[in-house]
Amino acid sequence: MSEDHRQDDGGHAGHNHGAGASTRRLAIALSLTSVFLVAELVGAFLFDSLALLSDAAHMFTDSAALAIALAAVKIGQRPPDDKRTFGYRRFEILAAAFNAILLFAVAGYVLIEGIGRFFDPKPVESVGMLTVATIGLVVNLISMRVLAGGKDDSLNVKGAYLEVWADMLGSLGVIAAAVAIYLTGYNWIDPIVAIGIGLWVLPRTWVLLRDTTHILLQGVPRGFDLKAIRAAINEAAGVAGVHDLHLWSVAGDDASLTAHVALADGADAEATRRALAEMLESRFAIHHATIQTETAPCGDAGSMHG
């Protein structure tokens, strides 16, 4: 038997560079949201606005999410050790999943409180509400701009981006509610907008939770077709069959593969292994592959896991 442990130093260096950029983006966004959070909370209680409080709650989760994400990226940069042989990058996924759960909790609170206040409206100071929400909108737009560059490279940054994006929509909703209340005097508009914000956030939060759960369950990374990969291995020269084929991701932006490959009669183990590794890299962009070649079936040969 022979095995291929392909190390990708360039990819590791690229990850370090990407992690550094993510750290800067998250730190800037965290500073902006944390400073404004205090002002928005004060405004929510001063002007007695549930919609503003809803936006403040999202701003709080933004700050918490950004702080967690920042810590996750920092921890994720630690190299593998004897206890964590895959390193600490999976912590980023745990943080993203926690952020999604936190958003679910906040949305649920706002929905319950909004329904109660709809039947018992409270007076709202629309002008103060409008002022605070407008400042919040500006802060959110700046934070979104900062995070946008890294949201496609890291689920952790994507989670933080979605938090800020949802809060930006909340700020727009609060602004619209403040204008409507000022013009009509209908205070029930405030909880209606708060409920709308909560309902708008939930589907996007579910997508984030779904993606992070998929990775934690070591599912096949999105965008990869395991059937096509299995067929390509089976069709390769020197291969009689493949079993125990597994494909998973550690942090959402990588893919690792392991497989047991039965060799055809007369096939050279090393040449076949190298050819398979090169095919997986060039055709499927799988840079981390561990291939075990066999001249006789092993105990798991009947298994088709993966």
# chains A, B, ... in the order shown; residues from 1 in each chain; ligands from 1
call {"tool": "residues_around", "arguments": {"residues": "Ala255 of chain A", "least_positions_apart": "6", "cutoff": "8 Å", "atoms": "only C-alpha atoms", "output": "MDAnalysis selection string"}}
result
chainID A and resid 221 247:249 286:288
call {"tool": "write_last_selection", "arguments": {"atoms": "C-alpha atoms", "output": "mmCIF file, in the first residue's frame"}}
result
data_model
loop_
_atom_site.group_PDB
_atom_site.id
_atom_site.type_symbol
_atom_site.label_atom_id
_atom_site.label_comp_id
_atom_site.auth_asym_id
_atom_site.auth_seq_id
_atom_site.Cartn_x
_atom_site.Cartn_y
_atom_site.Cartn_z
ATOM 1 C CA PRO A 221 -18.418 20.707 0.055
ATOM 2 C CA LEU A 247 -14.692 14.413 0.634
ATOM 3 C CA TRP A 248 -15.118 17.134 3.247
ATOM 4 C CA SER A 249 -14.184 20.697 4.176
ATOM 5 C CA ILE A 286 -8.917 19.121 -4.899
ATOM 6 C CA HIS A 287 -5.480 20.022 -3.560
ATOM 7 C CA HIS A 288 -5.437 17.826 -0.458
#
call {"tool": "select_by_dssp", "arguments": {"residues": "segment 7-225 of chain A", "states": "helix (DSSP H, G or I)", "output": "count of residues only"}}
result
176
call {"tool": "atom_distance", "arguments": {"atom1": "atom CA of Val146 of chain A", "atom2": "atom CA of Leu70 of chain A"}}
result
13.8 Å
call {"tool": "residues_around", "arguments": {"residues": "Ala96 of chain A", "least_positions_apart": "6", "cutoff": "10 Å", "atoms": "only C-alpha atoms", "output": "list in words"}}
result
Ala65, Leu66, Ile68, Ala69, Ala72, Leu102, Ser154, Leu155, Asn156, Val157, Lys158, Gly159, Ala160, Leu208, Leu209, Asp211, Thr212 and Thr213 of chain A
call {"tool": "write_last_selection", "arguments": {"atoms": "C-alpha atoms", "output": "PDB file, in the first residue's frame"}}
result
ATOM      1  CA  ALA A  65     -20.776  38.407  15.950  1.00  0.00           C
ATOM      2  CA  LEU A  66     -17.896  40.594  14.807  1.00  0.00           C
ATOM      3  CA  ILE A  68     -16.551  36.322  17.912  1.00  0.00           C
ATOM      4  CA  ALA A  69     -15.583  36.284  14.247  1.00  0.00           C
ATOM      5  CA  ALA A  72     -12.259  32.925  15.497  1.00  0.00           C
ATOM      6  CA  LEU A 102     -27.953  34.276  18.160  1.00  0.00           C
ATOM      7  CA  SER A 154     -14.763  32.955   4.641  1.00  0.00           C
ATOM      8  CA  LEU A 155     -18.069  31.737   6.059  1.00  0.00           C
ATOM      9  CA  ASN A 156     -17.129  33.534   9.234  1.00  0.00           C
ATOM     10  CA  VAL A 157     -16.819  36.885   7.454  1.00  0.00           C
ATOM     11  CA  LYS A 158     -19.940  36.028   5.452  1.00  0.00           C
ATOM     12  CA  GLY A 159     -21.833  35.543   8.699  1.00  0.00           C
ATOM     13  CA  ALA A 160     -20.659  38.911   9.980  1.00  0.00           C
ATOM     14  CA  LEU A 208     -25.971  30.517   7.219  1.00  0.00           C
ATOM     15  CA  LEU A 209     -26.951  27.908   9.824  1.00  0.00           C
ATOM     16  CA  ASP A 211     -24.144  25.891   5.520  1.00  0.00           C
ATOM     17  CA  THR A 212     -22.260  25.790   8.810  1.00  0.00           C
ATOM     18  CA  THR A 213     -24.114  22.648   9.952  1.00  0.00           C
TER      19      THR A 213
END
call {"tool": "residues_around", "arguments": {"residues": "Thr23 of chain A", "least_positions_apart": "5", "cutoff": "9 Å", "atoms": "only C-alpha atoms", "output": "PDB file with N, CA and C atoms, in the first residue's frame"}}
result
ATOM      1  N   GLY A  18      -5.160  35.760   3.629  1.00  0.00           N
ATOM      2  CA  GLY A  18      -6.591  36.005   3.658  1.00  0.00           C
ATOM      3  C   GLY A  18      -7.093  36.232   5.073  1.00  0.00           C
ATOM      4  N   ILE A  28     -12.212  46.720  11.906  1.00  0.00           N
ATOM      5  CA  ILE A  28     -12.786  48.023  11.535  1.00  0.00           C
ATOM      6  C   ILE A  28     -14.300  48.016  11.736  1.00  0.00           C
ATOM      7  N   ALA A  69     -16.224  36.571  15.526  1.00  0.00           N
ATOM      8  CA  ALA A  69     -15.583  36.284  14.247  1.00  0.00           C
ATOM      9  C   ALA A  69     -14.112  36.672  14.271  1.00  0.00           C
ATOM     10  N   LEU A  70     -13.820  37.814  14.877  1.00  0.00           N
ATOM     11  CA  LEU A  70     -12.437  38.278  14.967  1.00  0.00           C
ATOM     12  C   LEU A  70     -11.604  37.302  15.793  1.00  0.00           C
ATOM     13  N   ALA A  71     -12.170  36.863  16.926  1.00  0.00           N
ATOM     14  CA  ALA A  71     -11.465  35.884  17.755  1.00  0.00           C
ATOM     15  C   ALA A  71     -11.286  34.573  17.005  1.00  0.00           C
ATOM     16  N   VAL A  73     -11.051  34.063  13.735  1.00  0.00           N
ATOM     17  CA  VAL A  73     -10.006  34.175  12.713  1.00  0.00           C
ATOM     18  C   VAL A  73      -8.626  34.112  13.361  1.00  0.00           C
ATOM     19  N   LYS A  74      -8.475  34.794  14.491  1.00  0.00           N
ATOM     20  CA  LYS A  74      -7.189  34.787  15.192  1.00  0.00           C
ATOM     21  C   LYS A  74      -6.828  33.371  15.651  1.00  0.00           C
TER      22      LYS A  74
END
